[in-house]
Every structure is written in structure tokens, then in C-alpha cells.
>>> print(open('my_file-v1.cif').read())   # mmCIF, C-alpha atoms and all ligand atoms
data_query
loop_
_atom_site.label_atom_id
_atom_site.label_comp_id
_atom_site.auth_asym_id
_atom_site.auth_seq_id
_atom_site.Cartn_x
_atom_site.Cartn_y
_atom_site.Cartn_z
CA MET A 6 -1.97 20.61 -10.08
CA GLU A 7 -4.04 19.21 -7.18
CA LEU A 8 -7.62 20.44 -6.76
CA SER A 9 -8.10 22.81 -3.86
CA THR A 10 -10.28 20.89 -1.39
CA SER A 11 -9.18 22.36 1.95
CA PHE A 12 -11.74 23.79 4.37
CA ASP A 13 -9.18 26.35 5.59
CA GLY A 14 -11.36 29.23 4.34
CA LEU A 15 -14.25 28.29 6.63
CA ALA A 16 -12.24 26.72 9.44
CA ASP A 17 -13.49 28.94 12.28
CA ASP A 18 -17.09 28.57 11.18
CA TRP A 19 -16.71 24.82 10.76
CA ASP A 20 -15.14 24.46 14.21
CA GLU A 21 -18.00 26.40 15.79
CA ARG A 22 -20.64 24.33 13.97
CA ALA A 23 -19.00 20.95 14.59
CA GLY A 24 -18.28 21.74 18.24
CA GLU A 25 -16.83 19.12 20.53
CA TYR A 26 -18.43 15.97 19.05
CA GLY A 27 -19.85 16.97 15.65
CA ASP A 28 -23.02 18.59 14.33
CA GLU A 29 -26.42 16.97 13.84
CA ARG A 30 -25.89 16.79 10.06
CA GLY A 31 -23.01 14.33 10.37
CA ASP A 32 -24.29 12.51 13.41
CA SER A 33 -25.91 9.53 11.71
CA THR A 34 -22.90 8.84 9.46
CA ALA A 35 -20.47 9.24 12.38
CA SER A 36 -22.54 6.79 14.44
CA ALA A 37 -22.69 4.28 11.56
CA LEU A 38 -18.95 4.61 11.04
CA ILE A 39 -18.23 4.06 14.74
CA ASN A 40 -20.60 1.11 14.68
CA ALA A 41 -18.70 -0.37 11.72
CA LEU A 42 -15.48 -0.11 13.77
CA SER A 43 -17.04 -1.85 16.72
CA PRO A 44 -15.48 -2.57 19.11
CA VAL A 45 -13.53 0.70 19.19
CA GLN A 46 -12.04 -0.19 22.57
CA GLY A 47 -8.32 -0.84 22.43
CA LYS A 48 -7.89 0.11 18.77
CA ALA A 49 -5.19 2.34 17.26
CA ILE A 50 -7.02 4.56 14.76
CA TYR A 51 -5.89 7.02 12.08
CA ASP A 52 -8.55 9.65 11.15
CA LEU A 53 -7.92 11.34 7.77
CA GLY A 54 -9.50 14.72 6.89
CA CYS A 55 -10.32 15.10 10.58
CA GLY A 56 -11.56 18.71 10.45
CA ASN A 57 -11.75 20.07 13.99
CA GLY A 58 -11.28 16.57 15.45
CA ALA A 59 -14.95 15.92 16.31
CA LEU A 60 -14.86 12.24 15.24
CA ALA A 61 -11.38 11.72 16.73
CA ARG A 62 -12.73 12.86 20.12
CA ARG A 63 -15.71 10.52 19.80
CA LEU A 64 -13.30 7.67 19.12
CA VAL A 65 -11.27 8.52 22.23
CA ARG A 66 -14.50 8.70 24.22
CA ALA A 67 -15.48 5.27 22.85
CA GLY A 68 -12.28 3.78 24.24
CA ALA A 69 -9.77 3.89 21.36
CA LEU A 70 -6.25 3.06 22.53
CA SER A 71 -4.69 5.83 20.42
CA VAL A 72 -5.90 8.25 17.74
CA ILE A 73 -3.82 10.06 15.12
CA ALA A 74 -5.80 12.67 13.17
CA SER A 75 -4.73 14.72 10.15
CA ASP A 76 -6.15 17.40 7.89
CA ILE A 77 -4.89 19.48 4.98
CA SER A 78 -6.14 22.70 6.63
CA PRO A 79 -3.54 24.26 8.98
CA ARG A 80 -6.23 26.38 10.64
CA LEU A 81 -8.47 23.39 11.41
CA ILE A 82 -5.53 21.47 12.89
CA LYS A 83 -4.75 24.49 15.07
CA LEU A 84 -8.36 24.68 16.26
CA ALA A 85 -8.50 20.90 16.79
CA SER A 86 -5.29 20.94 18.84
CA ALA A 87 -6.67 23.76 20.99
CA ARG A 88 -9.63 21.53 21.92
CA ASP A 89 -7.50 18.55 23.05
CA THR A 90 -4.22 18.66 24.79
CA THR A 91 -3.13 15.08 25.18
CA ALA A 92 -5.32 12.30 23.83
CA ILE A 93 -4.97 12.87 20.08
CA GLN A 94 -1.88 13.32 17.93
CA TYR A 95 -2.71 15.88 15.22
CA MET A 96 -0.85 16.36 11.94
CA ASN A 97 -1.31 18.96 9.23
CA ARG A 98 -0.90 17.06 5.97
CA ARG A 99 -2.61 15.71 2.89
CA ALA A 100 -4.62 12.55 3.51
CA THR A 101 -2.54 10.74 0.87
CA ASP A 102 0.65 11.37 2.87
CA PHE A 103 1.28 8.32 5.08
CA THR A 104 4.94 9.08 5.81
CA ARG A 105 6.04 8.65 9.45
CA ILE A 106 3.22 6.18 10.14
CA SER A 107 4.82 2.79 10.76
CA SER A 108 3.81 -0.23 8.72
CA SER A 109 1.20 -2.51 10.30
CA SER A 110 0.79 -0.11 13.25
CA VAL A 111 -2.88 0.90 12.93
CA ASP A 112 -6.07 -1.15 13.45
CA ALA A 113 -8.33 1.21 11.49
CA VAL A 114 -8.01 4.07 9.01
CA VAL A 115 -11.16 6.21 8.89
CA LEU A 116 -12.44 9.10 6.79
CA HIS A 117 -15.65 10.81 7.87
CA ARG A 118 -17.24 13.03 5.22
CA ALA A 119 -13.80 13.34 3.64
CA ALA A 120 -13.38 10.60 0.97
CA PHE A 121 -15.05 12.74 -1.70
CA TYR A 122 -12.44 15.48 -1.22
CA ILE A 123 -9.50 13.17 -1.95
CA GLU A 124 -8.51 13.46 -5.58
CA HIS A 125 -6.35 10.33 -5.76
CA PHE A 126 -8.36 7.97 -3.58
CA GLY A 127 -6.30 4.94 -4.68
CA ARG A 128 -3.34 6.44 -2.76
CA ILE A 129 -5.42 6.29 0.42
CA VAL A 130 -6.01 2.60 -0.16
CA ASP A 131 -2.30 1.99 -0.89
CA GLY A 132 -1.33 3.89 2.27
CA ALA A 133 -3.95 2.10 4.36
CA ARG A 134 -2.78 -1.29 3.09
CA ARG A 135 0.72 -0.48 4.36
CA VAL A 136 -0.09 1.02 7.78
CA LEU A 137 -2.97 -1.31 8.69
CA THR A 138 -2.47 -4.52 10.58
CA SER A 139 -3.65 -7.54 8.64
CA GLY A 140 -7.38 -7.82 9.23
CA GLY A 141 -7.47 -4.06 10.00
CA SER A 142 -10.20 -1.83 8.57
CA LEU A 143 -10.48 1.08 6.17
CA VAL A 144 -13.86 2.69 6.97
CA PHE A 145 -15.27 5.69 5.15
CA ASP A 146 -18.52 7.20 3.95
CA VAL A 147 -19.50 8.41 0.48
CA HIS A 148 -22.53 10.30 -0.77
CA HIS A 149 -25.54 8.08 -1.35
CA PRO A 150 -26.79 8.39 -4.97
CA LEU A 151 -30.15 9.45 -3.45
CA LEU A 152 -28.57 12.40 -1.58
CA PRO A 153 -29.78 15.01 -4.11
CA ALA A 154 -33.35 13.66 -3.76
CA ALA A 155 -33.11 13.75 0.03
CA ARG A 156 -31.92 17.36 -0.02
CA LYS A 157 -34.65 18.37 -2.45
CA VAL A 158 -37.34 16.77 -0.29
CA ALA A 159 -35.86 18.61 2.69
CA GLY A 160 -36.34 21.91 0.82
CA ARG A 161 -32.68 22.51 -0.03
CA THR A 162 -31.72 24.02 -3.38
CA VAL A 163 -28.11 22.85 -3.76
CA ALA A 164 -26.17 19.58 -3.30
CA TYR A 165 -22.35 19.54 -3.52
CA GLY A 166 -22.42 22.95 -5.16
CA GLU A 167 -24.89 21.88 -7.86
CA SER A 168 -28.39 23.26 -8.31
CA LEU A 169 -31.16 20.79 -7.50
CA ASP A 170 -33.54 22.32 -10.07
CA ASP A 171 -33.03 19.41 -12.43
CA LEU A 172 -32.38 16.13 -10.60
CA ASN A 173 -32.26 14.25 -13.89
CA ARG A 174 -29.24 16.32 -14.98
CA ILE A 175 -27.42 15.47 -11.74
CA TRP A 176 -28.13 11.75 -12.08
CA ALA A 177 -27.29 11.72 -15.79
CA SER A 178 -23.65 12.41 -14.90
CA TYR A 179 -23.65 9.96 -11.95
CA SER A 180 -21.27 7.43 -13.47
CA GLN A 181 -18.83 9.98 -14.89
CA PRO A 182 -16.29 11.09 -12.26
CA HIS A 183 -15.99 14.89 -12.17
CA SER A 184 -15.47 17.70 -9.70
CA THR A 185 -17.85 20.41 -8.57
CA ARG A 186 -17.03 23.57 -6.65
CA VAL A 187 -18.75 24.50 -3.43
CA THR A 188 -18.71 28.24 -2.78
CA GLY A 189 -20.32 30.43 -0.16
CA THR A 190 -19.84 32.96 2.57
CA ASP A 191 -19.50 31.84 6.17
CA SER A 192 -21.22 33.40 9.16
CA ARG A 193 -18.22 35.72 9.59
CA GLY A 194 -18.65 37.05 6.05
CA ASN A 195 -15.57 35.22 4.72
CA ALA A 196 -15.89 33.79 1.23
CA TYR A 197 -14.90 30.13 0.87
CA SER A 198 -14.50 27.76 -2.05
CA TYR A 199 -13.50 24.12 -2.22
CA ALA A 200 -13.77 21.32 -4.76
CA CYS A 201 -15.82 18.17 -4.24
CA LEU A 202 -15.21 14.99 -6.23
CA LYS A 203 -18.33 13.31 -7.58
CA ARG A 204 -17.70 9.65 -8.28
CA PRO A 205 -19.99 6.64 -8.43
CA LEU A 206 -20.03 4.01 -5.69
CA GLN A 207 -18.21 1.54 -7.95
CA TYR A 208 -15.20 3.90 -8.10
CA TYR A 209 -14.62 3.57 -4.34
CA VAL A 210 -15.42 -0.13 -4.07
CA ASN A 211 -13.22 -1.05 -7.04
CA ALA A 212 -10.35 1.20 -5.82
CA CYS A 213 -10.32 -0.99 -2.69
CA LEU A 214 -10.99 -4.40 -4.23
CA SER A 215 -8.42 -3.94 -7.01
CA ARG A 216 -5.78 -3.26 -4.33
CA GLY A 217 -6.54 -6.45 -2.44
CA MET A 218 -8.98 -5.23 0.21
CA ARG A 219 -12.20 -7.08 0.95
CA LEU A 220 -15.64 -5.59 1.45
CA ARG A 221 -16.67 -6.40 5.00
CA ARG A 222 -19.84 -4.31 5.32
CA LEU A 223 -21.90 -1.68 3.50
CA ILE A 224 -24.34 0.45 5.48
CA GLU A 225 -26.87 2.83 3.92
CA VAL A 226 -27.39 5.73 6.33
CA GLU A 227 -30.55 7.81 6.62
CA GLY A 228 -30.20 11.56 6.98
CA SER A 229 -30.58 12.97 10.48
CA ARG A 230 -33.30 15.43 9.61
CA ALA A 231 -36.48 15.85 7.61
CA THR A 232 -36.43 12.61 5.59
CA THR A 233 -35.71 8.92 5.84
CA ILE A 234 -34.16 8.89 2.35
CA PRO A 235 -30.60 7.57 2.75
CA THR A 236 -27.94 10.24 2.29
CA ALA A 237 -24.68 8.35 2.86
CA ILE A 238 -23.12 4.95 2.44
CA VAL A 239 -20.54 3.71 4.94
CA LEU A 240 -18.08 1.18 3.55
CA SER A 241 -16.01 -1.04 5.79
CA MET A 242 -13.07 -2.63 3.98
CA GLU A 243 -10.86 -5.33 5.43
CA ASN A 244 -7.12 -5.33 4.93
CA SER A 245 -7.01 -8.98 3.97
CA VAL A 246 -3.94 -11.04 4.60
CA ARG A 247 -1.54 -11.05 1.68
CA THR A 248 -1.17 -14.64 0.54
CA GLY A 249 1.84 -15.70 -1.44
CA LEU A 250 1.75 -18.07 -4.41
CA ARG A 251 0.79 -21.58 -3.40
CA PRO A 252 3.59 -24.08 -3.87
CA PRO A 253 2.97 -26.32 -6.91
CA GLY A 254 1.32 -29.69 -6.34
C1 LIG A 301 -16.60 17.87 5.51
S1 LIG A 301 -15.12 18.12 6.41
C2 LIG A 301 -15.17 16.75 7.53
C3 LIG A 301 -14.31 16.94 8.75
C4 LIG A 301 -14.38 15.81 9.78
N1 LIG A 301 -13.95 14.53 9.25
C5 LIG A 301 -15.78 15.72 10.34
O1 LIG A 301 -16.51 14.81 9.95
O2 LIG A 301 -16.15 16.57 11.15
C6 LIG A 301 -13.89 17.62 5.22
C7 LIG A 301 -12.46 17.81 5.71
O3 LIG A 301 -11.55 17.24 4.78
C8 LIG A 301 -10.41 18.09 4.69
N2 LIG A 301 -9.72 17.81 3.44
C9 LIG A 301 -10.12 18.14 2.20
N3 LIG A 301 -9.21 17.70 1.30
C10 LIG A 301 -8.24 17.05 1.99
C11 LIG A 301 -7.05 16.36 1.63
N4 LIG A 301 -6.69 16.22 0.34
N5 LIG A 301 -6.29 15.85 2.60
C12 LIG A 301 -6.64 15.97 3.91
N6 LIG A 301 -7.76 16.61 4.32
C13 LIG A 301 -8.56 17.13 3.37
C14 LIG A 301 -10.99 19.49 4.80
O4 LIG A 301 -10.01 20.46 5.13
C15 LIG A 301 -12.06 19.27 5.86
O5 LIG A 301 -11.55 19.50 7.15
#
>>> encode(input="my_file-v1.cif", output="C-alpha cells")
Amino acid sequence: MELSTSFDGLADDWDERAGEYGDERGDSTASALINALSPVQGKAIYDLGCGNGALARRLVRAGALSVIASDISPRLIKLASARDTTAIQYMNRRATDFTRISSSSVDAVVLHRAAFYIEHFGRIVDGARRVLTSGGSLVFDVHHPLLPAARKVAGRTVAYGESLDDLNRIWASYSQPHSTRVTGTDSRGNAYSYACLKRPLQYYVNACLSRGMRLRRLIEVEGSRATTIPTAIVLSMENSVRTGLRPPG
């Protein structure tokens, strides 16, 4: 059975917080991600785990030729669609579902603050390899290993659902992939709960490299508030050209 990672339970709250172009918390990663796509102008982009479409709208504003955006949460897709009428094509589906996206039709596949909710990340890479043009990009961010330290310094008590009382305990399990559960009550009093996958950086890099992608760029992103400790890593992967076997001689 798949882990339940959808933000459907806090969709209205999330939409309000993210607003038209995203909240301050995600601003520095979104900017780094857009920078890694540069130039955005003229590109066909597929945004996975799009939430209320905040990044998708930024991409349209930055001159993207076309943007498809999908999310597992039906409520978030409804809210996203209500914000835009024409520019973005929204789909309610799992990020690993690439059906009805033509092969070699997309210049970039992006995930903003979403990769660590995808249980079978290798399927994203397989899907991206098929739908991307050759030389196209898969760009996504993951938690920086220093994120718990950054949150602690900023006076927070929890990171990805785990108590920050004992940082050593959090780091001791760094290299062992596992899931945590984030629970809470939104501003409307609705309880929410979703799983977060904790995996080391090598998991993501190797998932891409072992499927024939190349690492183009790695950017360590500082948090937007309170501290300069990096909180995210943006990875830009290149869909390298498939080369056949060289003829003998
Ligand atoms: C932290 S939010 C980020 C939303 C958006 N990318 C942004 O930056 O504003 C994570 C999003 O991933 C979605 N999500 C979680 N698991 C997913 C999955 N397996 N497939 C597609 N979307 C998923 C959630 O519903 C949520 O909207």
C-alpha cells in the first residue's frame, strides 16, 4: 500500500498561505530552482506535486511556453484551477503517473518541495527520461542535511514531524531511508496528517545517475529567515542523449 502523502487535509490552509506566487518559506528554493532552469523563456515545463500552482504561475510569469502541473490532492488542484483559467493545464494524479504526456515533449520536469513525498522516486526519473527532450532537465529540491540544525537555531521544535530535542538522534538515522509522519491542526481547526520520506542525498543522486541522467548543477540554498544555515539542496539533472553501442573497430 502506498504511503499517504497528500496535502488534501490542509489544502485550503495551504492555498491561503502559498497565495498567488508562494510563501516566504519556499521563496529561496523556488528562486534557486527557477535559476537552475534558466532561461525559462520558451520552455515547456511539467511541475509535479504542484500544490496550489504557486511555482507554475511563477514559471508562466517568467516566460515559459507552456506549463502542465499535477498534484495528488484533488482539493489543491481545484483551488489551483480556480486561480488560473487559461495559462496552466492542471491534472489531479500521482507524480509517478506520466500517462498522456507525450515522449520527448517537455524541456523540464520540476518538483518544488515535493520530491521527499514521492515514495518511488525512481519512477519519477524513469518518467522524466521518457517525456523530456534530450538535453532536457529534471530539477528538484531535497532537504539539506543541516535543515534540522537550521530549524533549531531558528527556535523551532520540530523538523519533518520529528522532535529537534536530540539532533544527534536525527542525524544518526540520516543514511537509512525511512518515513516520518507530519501531523497537526490547520488554522481552520482541521486535523491533517501526511508522510514524509527521509532519504540521504545519495539516494536521489544515484536514482538519477543509475538511470542515465547526468548531474548538471547542485545548489545549496540558505533558508529565507533567521539563519544563513542552508536548508535545501536544488539538483539539476540533465537528460543525457542515449548513445547506442559503438560499432566495433
Ligand atoms: C510541500 S507541498 C509543495 C507544493 C508546491 N510544489 C509548492 O512548492 O508550493 C507538497 C505537495 O506534494 C503533493 N504530493 C504529495 N505526494 C504526492 C504524490 N505522490 N504525487 C503527487 N503529488 C504529491 C502534496 O499534495 C502537496 O501539494
>>> residues_near_point(input="my_file-v1.cif", point="(-21.3, -8.4, 6.9)", cutoff="12 Å", atoms="all atoms listed in the file", output="ChimeraX atom specification")
/A:41,219-224,240-243
>>> atom_distance(input="my_file-v1.cif", atom1="atom CA of Ser78 of chain A", atom2="atom CA of Tyr26 of chain A")
18.7 Å
>>> atom_distance(input="my_file-v1.cif", atom1="atom CA of Arg66 of chain A", atom2="atom CA of Ala85 of chain A")
15.5 Å
>>> residues_near_point(input="my_file-v1.cif", point="(-23.5, 29.5, 8.5)", cutoff="9 Å", atoms="all atoms listed in the file", output="list in words")
Asp18, Trp19, Arg22, Thr190, Asp191, Ser192 and Arg193 of chain A
>>> atom_distance(input="my_file-v1.cif", atom1="atom N3 of ligand LIG 301 (chain A)", atom2="atom CA of Ala164 of chain A")
17.7 Å
>>> residues_around(input="my_file-v1.cif", residues="segment 206-216 of chain A", least_positions_apart="4", cutoff="9 Å", atoms="only C-alpha atoms", output="list in words")
Ala120, Phe126, Gly127, Val130, Asp131, Arg134, Val147, His148, His149, Pro150, Ser180, Pro182, Leu220, Ile238, Leu240 and Met242 of chain A
>>> residues_near_ligand(input="my_file-v1.cif", ligand="ligand LIG 301 (chain A)", cutoff="7 Å", atoms="only C-alpha atoms and all ligand atoms", output="ChimeraX atom specification")
/A:10-13,23,27,31,53-60,75-78,81,98-101,116-119,122-124
>>> axis_aligned_box(input="my_file-v1.cif", around="segment 98-107 of chain A", padding_each_side="6 Å", output="lines of an AutoDock Vina configuration file")
center_x = 0.7
center_y = 9.9
center_z = 5.8
size_x = 22.7
size_y = 26.3
size_z = 21.9
>>> residues_around(input="my_file-v1.cif", residues="Val226 of chain A", least_positions_apart="6", cutoff="7 Å", atoms="all atoms listed in the file", output="PDB file with C-alpha atoms, in the frame of the given file")
ATOM      1  CA  SER A  33     -25.910   9.530  11.710  1.00  0.00           C
ATOM      2  CA  THR A  34     -22.900   8.840   9.460  1.00  0.00           C
ATOM      3  CA  PRO A 235     -30.600   7.570   2.750  1.00  0.00           C
ATOM      4  CA  THR A 236     -27.940  10.240   2.290  1.00  0.00           C
ATOM      5  CA  ALA A 237     -24.680   8.350   2.860  1.00  0.00           C
ATOM      6  CA  ILE A 238     -23.120   4.950   2.440  1.00  0.00           C
TER       7      ILE A 238
END
>>> closest_residue(input="my_file-v1.cif", among="A:Ala177, A:Ala87, A:Val187, A:Ala133", to="Val163 of chain A", atoms="only C-alpha atoms")
A:Val187
>>> closest_residue(input="my_file-v1.cif", among="A:Val111, A:Ala154, A:Leu8, A:Ala69", to="Gly47 of chain A", atoms="only C-alpha atoms")
A:Ala69
>>> closest_residue(input="my_file-v1.cif", among="A:His125, A:His183, A:Arg135, A:Arg80", to="Met218 of chain A", atoms="all atoms listed in the file")
A:Arg135
>>> residues_around(input="my_file-v1.cif", residues="Ala67 of chain A", least_positions_apart="4", cutoff="7 Å", atoms="all atoms listed in the file", output="ChimeraX atom specification")
/A:45-46,63
>>> closest_residue(input="my_file-v1.cif", among="A:Thr162, A:Ser142, A:Thr188, A:Asn40", to="Ser109 of chain A", atoms="all atoms listed in the file")
A:Ser142
>>> closest_atom_pairs(input="my_file-v1.cif", of="segment 131-219 of chain A", to="segment 48-52 of chain A", cutoff="10 Å", atoms="only C-alpha atoms", output="Markdown table")
| residue | atom | partner | partner_atom | distance |
| --- | --- | --- | --- | --- |
| A:Ala133 | CA | A:Tyr51 | CA | 9.4 |
| A:Val136 | CA | A:Tyr51 | CA | 9.4 |
| A:Leu137 | CA | A:Ile50 | CA | 9.4 |
| A:Thr138 | CA | A:Ala49 | CA | 10.0 |
| A:Gly141 | CA | A:Lys48 | CA | 9.7 |
| A:Ser142 | CA | A:Ile50 | CA | 9.4 |
| A:Leu143 | CA | A:Tyr51 | CA | 9.6 |
| A:Val144 | CA | A:Asp52 | CA | 9.7 |
| A:Phe145 | CA | A:Asp52 | CA | 9.8 |
>>> decode(input="my_file-v1.cif", residues="segment 154-229 of chain A", atoms="C-alpha atoms", output="PDB file, in the first residue's frame")
ATOM      1  CA  ALA A 154      20.121  22.483  12.768  1.00  0.00           C
ATOM      2  CA  ALA A 155      18.739  25.485  10.887  1.00  0.00           C
ATOM      3  CA  ARG A 156      15.283  24.953  12.372  1.00  0.00           C
ATOM      4  CA  LYS A 157      16.680  24.520  15.865  1.00  0.00           C
ATOM      5  CA  VAL A 158      18.695  27.742  15.580  1.00  0.00           C
ATOM      6  CA  ALA A 159      15.524  29.468  14.374  1.00  0.00           C
ATOM      7  CA  GLY A 160      13.763  28.348  17.582  1.00  0.00           C
ATOM      8  CA  ARG A 161      11.616  25.624  16.007  1.00  0.00           C
ATOM      9  CA  THR A 162      10.965  22.389  17.892  1.00  0.00           C
ATOM     10  CA  VAL A 163      10.097  20.000  15.053  1.00  0.00           C
ATOM     11  CA  ALA A 164      11.502  19.129  11.606  1.00  0.00           C
ATOM     12  CA  TYR A 165       9.580  16.803   9.248  1.00  0.00           C
ATOM     13  CA  GLY A 166       7.441  15.658  12.148  1.00  0.00           C
ATOM     14  CA  GLU A 167      10.432  14.751  14.336  1.00  0.00           C
ATOM     15  CA  SER A 168      11.337  16.408  17.620  1.00  0.00           C
ATOM     16  CA  LEU A 169      14.504  18.514  17.491  1.00  0.00           C
ATOM     17  CA  ASP A 170      15.355  17.798  21.146  1.00  0.00           C
ATOM     18  CA  ASP A 171      18.120  15.420  20.150  1.00  0.00           C
ATOM     19  CA  LEU A 172      19.791  16.404  16.863  1.00  0.00           C
ATOM     20  CA  ASN A 173      22.235  13.527  17.182  1.00  0.00           C
ATOM     21  CA  ARG A 174      19.346  11.040  17.037  1.00  0.00           C
ATOM     22  CA  ILE A 175      18.047  12.656  13.837  1.00  0.00           C
ATOM     23  CA  TRP A 176      21.460  12.586  12.166  1.00  0.00           C
ATOM     24  CA  ALA A 177      22.199   9.047  13.362  1.00  0.00           C
ATOM     25  CA  SER A 178      19.451   7.779  11.043  1.00  0.00           C
ATOM     26  CA  TYR A 179      20.461  10.096   8.166  1.00  0.00           C
ATOM     27  CA  SER A 180      21.672   7.380   5.810  1.00  0.00           C
ATOM     28  CA  GLN A 181      18.809   4.956   6.484  1.00  0.00           C
ATOM     29  CA  PRO A 182      15.774   5.764   4.314  1.00  0.00           C
ATOM     30  CA  HIS A 183      12.586   5.857   6.400  1.00  0.00           C
ATOM     31  CA  SER A 184       9.322   7.742   6.638  1.00  0.00           C
ATOM     32  CA  THR A 185       8.095  10.150   9.285  1.00  0.00           C
ATOM     33  CA  ARG A 186       4.567  11.429   9.793  1.00  0.00           C
ATOM     34  CA  VAL A 187       3.735  15.106   9.951  1.00  0.00           C
ATOM     35  CA  THR A 188       0.564  15.800  11.905  1.00  0.00           C
ATOM     36  CA  GLY A 189      -1.130  18.981  13.045  1.00  0.00           C
ATOM     37  CA  THR A 190      -4.236  21.095  13.013  1.00  0.00           C
ATOM     38  CA  ASP A 191      -4.647  23.817  10.424  1.00  0.00           C
ATOM     39  CA  SER A 192      -5.904  27.336  11.075  1.00  0.00           C
ATOM     40  CA  ARG A 193      -9.459  26.124  10.380  1.00  0.00           C
ATOM     41  CA  GLY A 194      -9.175  23.506  13.129  1.00  0.00           C
ATOM     42  CA  ASN A 195      -8.946  20.584  10.667  1.00  0.00           C
ATOM     43  CA  ALA A 196      -6.555  17.805  11.634  1.00  0.00           C
ATOM     44  CA  TYR A 197      -4.086  16.772   8.929  1.00  0.00           C
ATOM     45  CA  SER A 198      -1.517  14.021   8.593  1.00  0.00           C
ATOM     46  CA  TYR A 199       0.880  13.145   5.809  1.00  0.00           C
ATOM     47  CA  ALA A 200       4.022  11.055   5.452  1.00  0.00           C
ATOM     48  CA  CYS A 201       7.431  12.480   4.591  1.00  0.00           C
ATOM     49  CA  LEU A 202      10.249  10.333   3.189  1.00  0.00           C
ATOM     50  CA  LYS A 203      13.643  10.892   4.775  1.00  0.00           C
ATOM     51  CA  ARG A 204      16.414   9.770   2.462  1.00  0.00           C
ATOM     52  CA  PRO A 205      20.045  10.787   2.143  1.00  0.00           C
ATOM     53  CA  LEU A 206      21.285  12.940  -0.720  1.00  0.00           C
ATOM     54  CA  GLN A 207      22.981   9.931  -2.329  1.00  0.00           C
ATOM     55  CA  TYR A 208      19.577   8.237  -2.731  1.00  0.00           C
ATOM     56  CA  TYR A 209      18.355  10.999  -5.072  1.00  0.00           C
ATOM     57  CA  VAL A 210      21.613  11.492  -6.949  1.00  0.00           C
ATOM     58  CA  ASN A 211      22.099   7.760  -7.521  1.00  0.00           C
ATOM     59  CA  ALA A 212      18.427   7.276  -8.543  1.00  0.00           C
ATOM     60  CA  CYS A 213      19.156   9.735 -11.372  1.00  0.00           C
ATOM     61  CA  LEU A 214      22.682   8.669 -12.310  1.00  0.00           C
ATOM     62  CA  SER A 215      21.828   4.948 -12.363  1.00  0.00           C
ATOM     63  CA  ARG A 216      19.058   5.722 -14.885  1.00  0.00           C
ATOM     64  CA  GLY A 217      21.389   7.546 -17.239  1.00  0.00           C
ATOM     65  CA  MET A 218      20.898  11.167 -16.180  1.00  0.00           C
ATOM     66  CA  ARG A 219      23.832  13.497 -15.609  1.00  0.00           C
ATOM     67  CA  LEU A 220      24.317  15.913 -12.739  1.00  0.00           C
ATOM     68  CA  ARG A 221      24.394  19.386 -14.244  1.00  0.00           C
ATOM     69  CA  ARG A 222      24.316  21.530 -11.091  1.00  0.00           C
ATOM     70  CA  LEU A 223      23.904  21.303  -7.321  1.00  0.00           C
ATOM     71  CA  ILE A 224      22.895  24.414  -5.385  1.00  0.00           C
ATOM     72  CA  GLU A 225      22.844  24.664  -1.584  1.00  0.00           C
ATOM     73  CA  VAL A 226      20.076  27.088  -0.607  1.00  0.00           C
ATOM     74  CA  GLU A 227      20.017  29.204   2.533  1.00  0.00           C
ATOM     75  CA  GLY A 228      16.765  29.487   4.444  1.00  0.00           C
ATOM     76  CA  SER A 229      14.754  32.662   3.910  1.00  0.00           C
TER      77      SER A 229
END
